[in-house]
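See below for my_file.cif, which holds mmCIF, C-alpha atoms and all ligand atoms.
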```cif
data_coords
loop_
_atom_site.label_atom_id
_atom_site.label_comp_id
_atom_site.auth_asym_id
_atom_site.auth_seq_id
_atom_site.Cartn_x
_atom_site.Cartn_y
_atom_site.Cartn_z
CA MET Y 1044 3.09 -6.07 -10.75
CA GLU Y 1045 -0.29 -7.74 -10.37
CA ILE Y 1046 -0.12 -7.83 -6.57
CA MET Y 1047 0.92 -4.18 -6.50
CA ALA Y 1048 -2.09 -3.31 -8.67
CA GLN Y 1049 -4.41 -5.49 -6.57
CA LEU Y 1050 -3.30 -3.73 -3.38
CA ASP Y 1051 -3.27 -0.34 -5.16
CA ILE Y 1052 0.26 0.33 -3.93
CA PRO Y 1053 1.08 2.73 -6.80
CA ASP Y 1054 -1.94 4.88 -5.84
CA LYS Y 1055 -0.68 4.98 -2.25
CA LEU Y 1056 2.86 5.93 -3.33
CA ALA Y 1057 1.44 8.67 -5.58
CA ALA Y 1058 1.04 10.70 -2.38
CA GLY Y 1059 4.81 10.48 -1.75
CA PRO Y 1060 7.54 8.01 -0.73
CA ARG Y 1061 6.60 5.50 1.95
CA THR Y 1062 8.33 2.87 4.08
CA ALA Y 1063 7.14 -0.72 3.65
CA ALA Y 1064 5.48 -0.48 7.07
CA GLN Y 1065 3.51 2.60 6.01
CA VAL Y 1066 2.44 0.92 2.77
CA ALA Y 1067 1.39 -2.17 4.72
CA GLU Y 1068 -0.66 -0.09 7.14
CA GLU Y 1069 -2.49 1.68 4.31
CA ALA Y 1070 -2.97 -1.52 2.30
CA GLY Y 1071 -3.99 -3.62 5.32
CA SER Y 1072 -1.24 -6.10 4.46
CA ASN Y 1073 1.42 -7.98 6.41
CA PRO Y 1074 4.41 -5.61 7.00
CA GLU Y 1075 7.16 -8.20 6.55
CA PHE Y 1076 5.61 -9.70 3.42
CA THR Y 1077 4.94 -6.22 2.03
CA LEU Y 1078 8.62 -5.35 2.45
CA ARG Y 1079 9.56 -8.54 0.59
CA LEU Y 1080 7.09 -7.70 -2.20
CA LEU Y 1081 8.37 -4.12 -2.55
CA ARG Y 1082 12.03 -5.19 -2.62
CA ALA Y 1083 11.26 -7.70 -5.36
CA ALA Y 1084 9.37 -5.00 -7.27
CA VAL Y 1085 12.41 -2.69 -7.09
CA ALA Y 1086 14.66 -5.49 -8.29
CA GLY Y 1087 12.29 -6.05 -11.22
CA GLY Y 1088 12.36 -2.36 -12.19
CA LEU Y 1089 8.76 -1.78 -11.09
CA LEU Y 1090 9.44 0.71 -8.26
CA SER Y 1091 12.22 2.97 -6.96
CA ALA Y 1092 13.74 2.94 -3.49
CA GLU Y 1093 16.31 4.96 -1.60
CA ARG Y 1094 17.52 5.10 1.97
CA GLN Y 1095 16.92 8.41 3.74
CA GLU Y 1096 17.91 9.02 7.36
CA GLY Y 1097 18.12 5.29 7.94
CA GLU Y 1098 14.69 4.54 6.47
CA LEU Y 1099 14.18 2.58 3.23
CA LEU Y 1100 11.64 4.64 1.27
CA PHE Y 1101 9.77 3.30 -1.76
CA SER Y 1102 8.40 5.51 -4.52
CA ASN Y 1103 6.79 5.20 -7.93
CA ASN Y 1104 8.89 5.09 -11.08
CA ALA Y 1105 7.76 5.46 -14.71
CA VAL Y 1106 6.46 1.88 -14.76
CA SER Y 1107 4.45 1.94 -11.55
CA GLU Y 1108 3.00 5.36 -12.44
CA HIS Y 1109 1.14 3.53 -15.21
CA LEU Y 1110 -0.55 1.47 -12.51
CA THR Y 1111 -2.06 4.52 -10.77
CA THR Y 1112 -5.76 5.17 -11.31
CA SER Y 1113 -5.24 8.70 -12.54
CA HIS Y 1114 -2.52 8.11 -15.15
CA PRO Y 1115 -3.88 9.09 -18.59
CA ALA Y 1116 -2.63 5.79 -20.04
CA SER Y 1117 -3.33 3.76 -16.90
CA MET Y 1118 -2.86 -0.02 -17.15
CA ARG Y 1119 -4.32 -0.54 -13.67
CA GLY Y 1120 -7.61 -2.05 -14.83
CA PHE Y 1121 -5.97 -4.36 -17.32
CA VAL Y 1122 -3.39 -5.65 -14.85
CA ARG Y 1123 -6.01 -6.16 -12.13
CA HIS Y 1124 -8.23 -8.00 -14.64
CA TRP Y 1125 -5.34 -10.31 -15.51
CA ALA Y 1126 -4.56 -10.94 -11.87
CA ALA Y 1127 -8.10 -11.59 -10.73
CA ASP Y 1128 -9.77 -13.17 -13.74
CA CYS Y 1129 -7.26 -14.52 -16.26
CA PHE Y 1130 -4.63 -16.35 -14.24
CA SER Y 1131 -6.93 -19.24 -13.46
CA ALA Y 1132 -7.69 -19.80 -17.14
CA TRP Y 1133 -4.05 -19.47 -18.21
CA GLY Y 1134 -2.78 -21.68 -15.38
CA THR Y 1135 -4.08 -24.88 -16.94
CA LEU Y 1136 -3.99 -23.86 -20.60
CA GLY Y 1137 -2.23 -27.08 -21.50
CA GLU Y 1138 -5.55 -28.89 -20.93
CA THR Y 1139 -7.25 -26.60 -23.41
CA VAL Y 1140 -4.64 -27.23 -26.09
CA VAL Y 1141 -5.36 -30.94 -25.65
CA ASP Y 1142 -9.15 -30.93 -25.46
CA GLY Y 1143 -9.88 -27.91 -27.67
CA ARG Y 1144 -12.32 -26.37 -25.17
CA HIS Y 1145 -11.69 -22.87 -23.80
CA ASN Y 1146 -10.48 -22.88 -20.28
CA PHE Y 1147 -12.27 -20.08 -18.42
CA PRO Y 1148 -15.47 -21.99 -17.57
CA LYS Y 1149 -13.45 -25.05 -16.56
CA ALA Y 1150 -11.55 -22.90 -14.07
CA ASN Y 1151 -14.67 -21.02 -12.87
CA ASN Y 1152 -17.43 -23.50 -12.04
CA GLY Y 1153 -18.72 -23.58 -15.60
CA GLN Y 1154 -19.34 -19.85 -15.83
CA GLU Y 1155 -18.56 -17.95 -19.05
CA VAL Y 1156 -16.49 -14.81 -18.63
CA TRP Y 1157 -19.31 -12.32 -19.40
CA ASP Y 1158 -21.64 -13.82 -16.79
CA TYR Y 1159 -18.77 -14.03 -14.31
CA LEU Y 1160 -17.95 -10.32 -14.80
CA ALA Y 1161 -21.60 -9.25 -14.66
CA GLU Y 1162 -21.88 -10.83 -11.19
CA ARG Y 1163 -18.75 -9.04 -9.93
CA PRO Y 1164 -19.06 -5.24 -10.30
CA GLU Y 1165 -15.45 -4.50 -9.23
CA ASN Y 1166 -14.02 -7.02 -11.71
CA GLN Y 1167 -16.34 -5.68 -14.41
CA GLU Y 1168 -15.13 -2.13 -13.71
CA ASP Y 1169 -11.48 -3.26 -13.94
CA PHE Y 1170 -12.20 -5.13 -17.17
CA ASN Y 1171 -13.91 -2.11 -18.76
CA ALA Y 1172 -11.09 0.18 -17.63
CA GLY Y 1173 -8.68 -2.43 -19.01
CA MET Y 1174 -10.35 -2.22 -22.43
CA LYS Y 1175 -9.51 1.48 -22.38
CA SER Y 1176 -5.85 0.52 -21.84
CA VAL Y 1177 -6.04 -1.14 -25.25
CA ASP Y 1178 -6.15 2.42 -26.61
CA GLY Y 1179 -2.41 2.50 -25.94
CA LEU Y 1180 -2.02 -0.05 -28.75
CA GLY Y 1181 -2.72 2.73 -31.24
CA LEU Y 1182 -6.15 4.33 -30.95
CA ALA Y 1183 -4.82 7.53 -32.53
CA ALA Y 1184 -3.47 5.56 -35.52
CA LEU Y 1185 -6.74 3.66 -35.87
CA ILE Y 1186 -8.53 6.95 -36.24
CA ALA Y 1187 -5.91 8.57 -38.48
CA ASP Y 1188 -5.45 5.63 -40.87
CA PHE Y 1189 -9.03 5.03 -41.99
CA ASP Y 1190 -11.44 7.37 -43.78
CA TRP Y 1191 -13.96 7.72 -40.98
CA GLU Y 1192 -15.18 11.11 -42.28
CA ARG Y 1193 -17.47 9.29 -44.78
CA PHE Y 1194 -19.86 8.44 -41.99
CA ASP Y 1195 -22.17 10.61 -39.96
CA ARG Y 1196 -23.13 8.10 -37.28
CA TYR Y 1197 -20.95 5.54 -35.56
CA ILE Y 1198 -22.53 2.65 -33.70
CA ASP Y 1199 -19.89 1.25 -31.36
CA VAL Y 1200 -21.16 -2.30 -30.85
CA GLY Y 1201 -19.79 -3.95 -27.70
CA GLY Y 1202 -18.16 -0.57 -27.08
CA ALA Y 1203 -17.54 -0.99 -23.31
CA PHE Y 1204 -16.82 2.51 -21.92
CA GLY Y 1205 -16.74 3.93 -25.47
CA SER Y 1206 -13.17 5.12 -25.90
CA VAL Y 1207 -13.27 4.29 -29.63
CA LEU Y 1208 -16.57 6.11 -30.01
CA ASN Y 1209 -15.32 9.19 -28.17
CA ALA Y 1210 -12.21 9.30 -30.36
CA LEU Y 1211 -14.33 8.99 -33.52
CA LEU Y 1212 -16.62 11.80 -32.40
CA VAL Y 1213 -13.67 14.05 -31.55
CA HIS Y 1214 -12.29 13.30 -35.03
CA ASN Y 1215 -15.60 14.01 -36.78
CA PRO Y 1216 -17.36 16.82 -34.88
CA LYS Y 1217 -20.48 16.65 -37.07
CA ALA Y 1218 -21.15 13.00 -36.35
CA HIS Y 1219 -23.39 11.36 -33.77
CA GLY Y 1220 -22.67 8.17 -31.85
CA VAL Y 1221 -24.38 5.17 -30.32
CA LEU Y 1222 -22.72 3.19 -27.56
CA PHE Y 1223 -24.21 -0.31 -27.62
CA ASP Y 1224 -23.30 -2.89 -25.00
CA GLN Y 1225 -24.86 -5.14 -22.38
CA PRO Y 1226 -27.36 -3.07 -20.34
CA HIS Y 1227 -25.22 -2.83 -17.19
CA VAL Y 1228 -22.16 -1.82 -19.23
CA ALA Y 1229 -24.04 0.80 -21.28
CA THR Y 1230 -25.37 2.32 -18.04
CA ALA Y 1231 -21.88 2.48 -16.51
CA ALA Y 1232 -20.51 4.02 -19.72
CA GLU Y 1233 -23.12 6.77 -19.61
CA GLU Y 1234 -22.62 7.50 -15.92
CA GLY Y 1235 -18.87 8.00 -16.17
CA TRP Y 1236 -18.67 9.42 -19.70
CA ALA Y 1237 -17.15 12.88 -19.11
CA ALA Y 1238 -14.64 11.78 -16.47
CA ARG Y 1239 -13.52 8.68 -18.33
CA HIS Y 1240 -12.61 10.42 -21.56
CA SER Y 1241 -11.34 13.74 -20.22
CA HIS Y 1242 -7.69 12.71 -20.72
CA TYR Y 1243 -8.17 12.00 -24.45
CA PRO Y 1244 -6.65 14.63 -26.77
CA GLY Y 1245 -9.75 16.68 -27.60
CA GLY Y 1246 -11.36 15.60 -24.32
CA ALA Y 1247 -14.72 13.95 -23.81
CA VAL Y 1248 -17.36 14.89 -26.38
CA PRO Y 1249 -20.65 16.05 -24.78
CA ALA Y 1250 -22.69 13.02 -23.74
CA GLU Y 1251 -25.61 14.56 -25.70
CA ARG Y 1252 -23.84 13.44 -28.88
CA VAL Y 1253 -24.14 9.83 -27.78
CA ASP Y 1254 -27.11 7.50 -27.33
CA PHE Y 1255 -26.40 4.79 -24.78
CA VAL Y 1256 -28.23 1.61 -25.70
CA GLY Y 1257 -28.26 -1.62 -23.70
CA GLY Y 1258 -29.03 -4.91 -25.43
CA SER Y 1259 -27.47 -8.02 -26.85
CA PHE Y 1260 -25.72 -8.20 -30.17
CA PHE Y 1261 -27.18 -11.67 -30.59
CA ASP Y 1262 -30.65 -10.13 -30.73
CA ALA Y 1263 -31.21 -7.90 -33.78
CA SER Y 1264 -34.30 -6.33 -32.22
CA THR Y 1265 -32.14 -4.69 -29.52
CA LEU Y 1266 -29.59 -3.28 -31.99
CA PRO Y 1267 -30.05 0.23 -33.41
CA GLN Y 1268 -31.57 0.08 -36.90
CA GLY Y 1269 -29.11 1.12 -39.62
CA LYS Y 1270 -29.48 4.38 -41.57
CA PRO Y 1271 -27.59 5.63 -44.64
CA GLY Y 1272 -24.28 7.11 -43.49
CA ASP Y 1273 -23.95 4.72 -40.54
CA ALA Y 1274 -20.90 2.68 -39.64
CA PHE Y 1275 -21.37 -0.22 -37.26
CA VAL Y 1276 -17.96 -0.44 -35.58
CA LEU Y 1277 -16.75 -3.41 -33.51
CA ARG Y 1278 -13.30 -3.27 -31.96
CA ASN Y 1279 -11.97 -6.46 -30.44
CA VAL Y 1280 -15.45 -7.96 -30.25
CA LEU Y 1281 -15.67 -10.85 -32.70
CA HIS Y 1282 -12.30 -12.16 -31.54
CA ASP Y 1283 -14.09 -13.07 -28.28
CA TRP Y 1284 -16.43 -15.49 -30.05
CA SER Y 1285 -16.32 -18.84 -31.85
CA ASP Y 1286 -17.16 -18.96 -35.56
CA GLU Y 1287 -20.66 -20.14 -34.72
CA ASP Y 1288 -21.33 -17.29 -32.28
CA SER Y 1289 -19.62 -14.73 -34.55
CA LEU Y 1290 -21.92 -15.82 -37.35
CA SER Y 1291 -24.96 -15.23 -35.13
CA ILE Y 1292 -23.68 -11.76 -34.18
CA LEU Y 1293 -22.95 -10.88 -37.82
CA LYS Y 1294 -26.39 -12.11 -38.89
CA ALA Y 1295 -28.01 -9.91 -36.23
CA LEU Y 1296 -25.97 -6.96 -37.51
CA ARG Y 1297 -26.94 -7.78 -41.10
CA SER Y 1298 -30.57 -7.74 -40.06
CA ALA Y 1299 -30.17 -4.39 -38.22
CA ILE Y 1300 -28.48 -2.88 -41.27
CA GLY Y 1301 -31.25 -4.11 -43.58
CA SER Y 1302 -31.24 -2.20 -46.85
CA SER Y 1303 -29.88 1.03 -45.30
CA GLY Y 1304 -26.49 0.56 -46.95
CA ALA Y 1305 -24.72 1.13 -43.61
CA ALA Y 1306 -21.15 -0.15 -43.45
CA LEU Y 1307 -19.61 -2.63 -41.06
CA VAL Y 1308 -16.08 -1.94 -39.79
CA LEU Y 1309 -14.36 -4.59 -37.68
CA LEU Y 1310 -11.26 -3.42 -35.86
CA GLU Y 1311 -9.45 -6.64 -35.15
CA MET Y 1312 -5.84 -7.75 -34.74
CA SER Y 1313 -6.11 -10.31 -37.56
CA LEU Y 1314 -3.38 -12.73 -38.54
CA LEU Y 1315 -1.28 -13.40 -41.60
CA ASP Y 1316 -1.69 -16.83 -43.19
CA ASP Y 1317 1.93 -17.59 -42.27
CA VAL Y 1318 4.19 -16.66 -39.40
CA GLY Y 1319 6.51 -13.64 -39.74
CA ASP Y 1320 4.15 -10.82 -38.77
CA PRO Y 1321 6.29 -8.08 -37.16
CA MET Y 1322 3.51 -7.59 -34.58
CA GLY Y 1323 3.10 -11.35 -34.34
CA PHE Y 1324 4.10 -11.70 -30.71
CA ALA Y 1325 1.25 -9.50 -29.51
CA ARG Y 1326 -1.26 -10.84 -32.02
CA TYR Y 1327 -0.56 -14.55 -31.49
CA HIS Y 1328 -0.41 -13.97 -27.75
CA MET Y 1329 -3.87 -12.40 -27.89
CA ASP Y 1330 -5.00 -15.38 -29.96
CA MET Y 1331 -3.80 -17.66 -27.13
CA HIS Y 1332 -5.61 -15.41 -24.64
CA MET Y 1333 -8.85 -15.98 -26.53
CA MET Y 1334 -8.17 -19.72 -26.36
CA ALA Y 1335 -7.89 -19.42 -22.59
CA MET Y 1336 -10.79 -17.08 -21.94
CA CYS Y 1337 -13.62 -17.44 -24.38
CA HIS Y 1338 -13.31 -19.79 -27.31
CA GLY Y 1339 -12.69 -16.84 -29.60
CA LYS Y 1340 -9.73 -16.38 -31.90
CA GLU Y 1341 -7.86 -13.90 -34.08
CA ARG Y 1342 -8.65 -14.50 -37.76
CA THR Y 1343 -6.95 -14.37 -41.14
CA LYS Y 1344 -8.30 -12.60 -44.21
CA LYS Y 1345 -9.68 -15.87 -45.61
CA GLN Y 1346 -11.47 -16.58 -42.34
CA TRP Y 1347 -13.01 -13.08 -42.32
CA GLU Y 1348 -14.15 -13.48 -45.92
CA ALA Y 1349 -15.84 -16.79 -45.17
CA LEU Y 1350 -17.58 -15.57 -42.01
CA LEU Y 1351 -18.73 -12.30 -43.55
CA SER Y 1352 -20.03 -13.99 -46.65
CA ALA Y 1353 -21.98 -16.57 -44.62
CA ALA Y 1354 -23.69 -13.69 -42.79
CA GLY Y 1355 -24.65 -11.73 -45.93
CA PHE Y 1356 -21.71 -9.31 -46.11
CA GLN Y 1357 -18.95 -8.82 -48.64
CA LEU Y 1358 -15.43 -7.95 -47.55
CA VAL Y 1359 -14.63 -4.54 -49.09
CA ALA Y 1360 -11.07 -4.14 -47.84
CA MET Y 1361 -8.78 -5.17 -45.05
CA ARG Y 1362 -6.71 -2.10 -44.33
CA PRO Y 1363 -3.63 -2.18 -42.13
CA THR Y 1364 -3.24 0.70 -39.70
CA ARG Y 1365 -0.22 1.84 -37.75
CA SER Y 1366 -1.85 0.30 -34.70
CA ILE Y 1367 -2.02 -3.37 -33.83
CA PHE Y 1368 -5.48 -3.47 -35.46
CA TRP Y 1369 -6.62 -3.95 -39.03
CA ALA Y 1370 -9.75 -2.20 -40.28
CA VAL Y 1371 -11.84 -4.93 -41.86
CA GLU Y 1372 -14.56 -3.16 -43.83
CA ALA Y 1373 -17.59 -5.01 -45.15
CA LYS Y 1374 -20.76 -4.04 -46.93
CA PRO Y 1375 -24.10 -5.82 -46.92
CA VAL Y 1376 -24.82 -7.99 -49.91
CA GLU Y 1377 -28.31 -7.26 -51.13
CA ASP Y 1378 -30.45 -10.29 -51.06
CA ALA Y 1379 -31.81 -10.75 -54.58
CA ALA Y 1380 -35.35 -11.45 -53.37
CA GLU Y 1381 -35.23 -8.46 -51.00
CA ALA Y 1382 -33.95 -6.20 -53.78
CA ALA Y 1383 -36.71 -7.34 -56.12
CA ALA Y 1384 -39.35 -6.75 -53.45
CA ALA Y 1385 -38.01 -3.24 -52.85
CA GLN Y 1386 -38.45 -2.30 -56.54
C1 LIG P 1 -13.28 -7.29 -25.50
S1 LIG P 1 -14.51 -6.15 -25.05
C2 LIG P 1 -14.24 -4.87 -26.27
C3 LIG P 1 -14.69 -3.52 -25.80
C4 LIG P 1 -14.49 -2.35 -26.78
N1 LIG P 1 -15.03 -2.62 -28.09
C5 LIG P 1 -13.03 -1.98 -26.87
O1 LIG P 1 -12.39 -2.27 -27.87
O2 LIG P 1 -12.53 -1.36 -25.91
C6 LIG P 1 -16.01 -6.91 -25.60
C7 LIG P 1 -17.28 -6.14 -25.25
O3 LIG P 1 -18.42 -6.91 -25.69
C8 LIG P 1 -19.44 -6.72 -24.74
N2 LIG P 1 -20.43 -7.79 -24.84
C9 LIG P 1 -20.30 -9.10 -24.46
N3 LIG P 1 -21.44 -9.77 -24.72
C10 LIG P 1 -22.30 -8.87 -25.28
C11 LIG P 1 -23.62 -8.98 -25.80
N4 LIG P 1 -24.29 -10.15 -25.79
N5 LIG P 1 -24.20 -7.87 -26.32
C12 LIG P 1 -23.52 -6.68 -26.35
N6 LIG P 1 -22.26 -6.53 -25.88
C13 LIG P 1 -21.66 -7.62 -25.36
C14 LIG P 1 -18.72 -6.71 -23.42
O4 LIG P 1 -19.51 -6.14 -22.40
C15 LIG P 1 -17.46 -5.90 -23.77
O5 LIG P 1 -17.66 -4.53 -23.53
#
```
Can you dump the structure from the file as structure tokens?
Amino acid sequence: MEIMAQLDIPDKLAAGPRTAAQVAEEAGSNPEFTLRLLRAAVAGGLLSAERQEGELLFSNNAVSEHLTTSHPASMRGFVRHWAADCFSAWGTLGETVVDGRHNFPKANNGQEVWDYLAERPENQEDFNAGMKSVDGLGLAALIADFDWERFDRYIDVGGAFGSVLNALLVHNPKAHGVLFDQPHVATAAEEGWAARHSHYPGGAVPAERVDFVGGSFFDASTLPQGKPGDAFVLRNVLHDWSDEDSLSILKALRSAIGSSGAALVLLEMSLLDDVGDPMGFARYHMDMHMMAMCHGKERTKKQWEALLSAAGFQLVAMRPTRSIFWAVEAKPVEDAAEAAAAQ
């Protein structure tokens, strides 16, 4: 599947059935090896094939259609990201389990994943598109199962291309949004906004409803300042970071929220204290992925409470949704000295 996505074979077959030789010519690949790849893909249920007038013709099936660029629920970016960037870190994961140090830098000349992606625009594009594939894990349920209408501005922190933000703004037409991410990601999100979200039910909201802000969530001065009615929303962000780094991010958010009363909503997979979670396979697998890639982790309710409290927040509720994500809502705890000064 990964090689097919890397060579964009499903996109080529979207134009119609092809022989292996034709695919090889378009992909610039070796004809004999391409035939062997395509046969294996058919055997694995990833493609269809039939013989017509003596020629073996390959075509897309329902699985490979999801690897085309234009499929509304395309997994192309995610699969390409796994092939190009994650295999190396997973390949020697046993070492990480022994030494307790995440594997990605060890497999990539010491580079952390965000710096690695920033230096490789094509990989970064695939990663960002891959984050949109996460929408298939229940974006509609995430929106439906939480009372988002209370807010009139959503700040999607580490929002990548902004699929969560677009969905929130479709859901609440009166609200405004801020897409906050690293500068190069925020710029790419703005440039492709309308095209990237056009497939979403309700379409892409006008880009005028969104401010695109580049910065670092470690640096409070680059974050938008909170206002009453704001929700700072982070989906799948803190799971990328160690407790120490997550604490720094949360402290920066606490500082940006100040005394505005803005809420913090973390959309994270989160784990039960014990095994037995019906979605456990996906959640524990993602936890392992964090171990491989970035020293992050999925967290339990107790771990969220401790982290939030150390950063000046109080856990309000951890609400399950019909998606793979929990909505972990927190509110700022007013610092007694700050409150006294404000009076
Ligand atoms: C796992 S992705 C999640 C993307 C998005 N929230 C979603 O659910 O689709 C983490 C995001 O954090 C962003 N990020 C990493 N370091 C950052 C930093 N220092 N400041 C702001 N964003 C950062 C990445 O660019 C990426 O878009």
Name the residues, by chain letter and number, that sit within 6 Å of ligand LIG 1 (chain P) using all atoms listed in the file, and give them as JSON, numbers by chain. {"Y": [1174, 1175, 1201, 1202, 1203, 1224, 1225, 1228, 1258, 1259, 1260, 1261, 1277, 1278, 1279, 1280]}
Students should find that atom CA of Y:Ser1206 and atom CA of Y:His1240 are spaced 6.9 Å
So that I can see what lies close to stretch 1332-1346 of chain Y, please list as number ranges by chain the residues with an atom at most 10 Å from it, counting all atoms listed in the file and leaving out residues fewer than 3 positions away in the same chain. Y: 1128-1140, 1143-1150, 1155-1157, 1279-1286, 1288-1289, 1311-1317, 1326-1329, 1349-1352, 1358, 1360-1361, 1371
Tell me, in Å to one decimal, how far atom CA of Y:Gly1205 is from atom CA of Y:Ser1298.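 It comes out at 23.2 Å.
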Which is closest to Y:Glu1233 among Y:Gln1049, Y:Asn1152, Y:Asn1215, Y:Asn1209, if we use all atoms listed in the file?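 The answer is Y:Asn1209, which sits nearest to Y:Glu1233.
Within the 7 Å cut-off around Y:Leu1099, using all atoms listed in the file and omitting residues fewer than 6 positions from it on the same chain, the listed residues are Thr1062, Ala1092 and Glu1093 of chain Y.
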Atom CA of Y:Ser1117 and atom CA of Y:Gly1246 are how many Å apart?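 Computing it gives 16.1 Å between the two atoms.
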Surrounding residues of stretch 1183-1191 of chain Y excluding itself and chain neighbours under 4 positions, 6 Å, all atoms listed in the file, as a PyMOL selection string: chain Y and resi 1364-1366
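Distance annotation: of Y:Gly1355, Y:Gly1181, Y:Pro1216, Y:Gly1071, the residue with the minimal separation from Y:Gly1245 is Y:Pro1216; atom set is all atoms listed in the file.
Closest to Y:Ala1063 among Y:Ala1172, Y:Val1256, Y:Leu1100, Y:Met1044 is Y:Leu1100, based on only C-alpha atoms.
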Contacts of Y:Arg1061 at 9 Å or less, counting all atoms listed in the file, minus same-chain residues fewer than 4 places along, as a PDB file with C-alpha atoms, in the frame of the given file?
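So the final result, stored in out01.pdb, reads:
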```pdb
ATOM      1  CA  LYS Y1055      -0.680   4.980  -2.250  1.00  0.00           C
ATOM      2  CA  LEU Y1056       2.860   5.930  -3.330  1.00  0.00           C
ATOM      3  CA  GLN Y1065       3.510   2.600   6.010  1.00  0.00           C
ATOM      4  CA  VAL Y1066       2.440   0.920   2.770  1.00  0.00           C
ATOM      5  CA  LEU Y1099      14.180   2.580   3.230  1.00  0.00           C
ATOM      6  CA  LEU Y1100      11.640   4.640   1.270  1.00  0.00           C
ATOM      7  CA  PHE Y1101       9.770   3.300  -1.760  1.00  0.00           C
ATOM      8  CA  SER Y1102       8.400   5.510  -4.520  1.00  0.00           C
TER       9      SER Y1102
END
```
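Of the listed residues (Y:Ser1072, Y:Ser1091, Y:Gln1167, Y:Ser1264), Y:Gln1167 comes nearest to Y:Ala1231; the distances count only C-alpha atoms.
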Just stretch 1238-1285 of chain Y from the block, C-alpha atoms, as a CSV table (one decimal), in the first residue's frame, could you?
```csv
chain,number,residue,atom,x,y,z
Y,1238,ALA,CA,-9.7,23.8,-2.0
Y,1239,ARG,CA,-8.7,21.8,1.0
Y,1240,HIS,CA,-12.1,22.0,2.8
Y,1241,SER,CA,-14.4,22.0,-0.2
Y,1242,HIS,CA,-15.3,18.3,0.3
Y,1243,TYR,CA,-16.5,18.8,3.9
Y,1244,PRO,CA,-20.3,18.7,4.4
Y,1245,GLY,CA,-21.1,22.4,4.4
Y,1246,GLY,CA,-17.9,23.2,2.4
Y,1247,ALA,CA,-15.1,25.5,3.2
Y,1248,VAL,CA,-16.1,28.6,5.2
Y,1249,PRO,CA,-14.9,31.9,3.7
Y,1250,ALA,CA,-11.2,32.4,4.6
Y,1251,GLU,CA,-12.3,35.9,5.8
Y,1252,ARG,CA,-13.7,34.2,8.9
Y,1253,VAL,CA,-10.3,32.9,9.8
Y,1254,ASP,CA,-7.1,34.6,11.0
Y,1255,PHE,CA,-4.0,32.7,10.1
Y,1256,VAL,CA,-1.3,33.2,12.7
Y,1257,GLY,CA,2.2,31.7,12.6
Y,1258,GLY,CA,4.1,31.3,15.9
Y,1259,SER,CA,5.1,28.8,18.5
Y,1260,PHE,CA,2.9,27.5,21.2
Y,1261,PHE,CA,5.9,27.5,23.5
Y,1262,ASP,CA,6.0,31.3,23.2
Y,1263,ALA,CA,3.0,33.0,24.8
Y,1264,SER,CA,3.8,36.3,23.0
Y,1265,THR,CA,3.0,34.7,19.6
Y,1266,LEU,CA,-0.3,33.1,20.7
Y,1267,PRO,CA,-3.5,35.1,20.2
Y,1268,GLN,CA,-4.6,36.8,23.5
Y,1269,GLY,CA,-7.7,35.2,24.9
Y,1270,LYS,CA,-11.1,37.0,25.0
Y,1271,PRO,CA,-14.4,36.1,26.7
Y,1272,GLY,CA,-16.2,33.6,24.6
Y,1273,ASP,CA,-13.0,32.0,23.3
Y,1274,ALA,CA,-12.1,28.3,23.2
Y,1275,PHE,CA,-8.5,27.4,22.7
Y,1276,VAL,CA,-8.8,24.0,20.9
Y,1277,LEU,CA,-6.0,21.5,20.5
Y,1278,ARG,CA,-6.6,18.3,18.7
Y,1279,ASN,CA,-3.9,15.6,18.9
Y,1280,VAL,CA,-1.3,18.2,19.9
Y,1281,LEU,CA,-0.3,17.5,23.5
Y,1282,HIS,CA,0.0,13.8,22.7
Y,1283,ASP,CA,3.1,14.7,20.6
Y,1284,TRP,CA,4.9,16.1,23.6
Y,1285,SER,CA,6.5,14.9,26.9
```
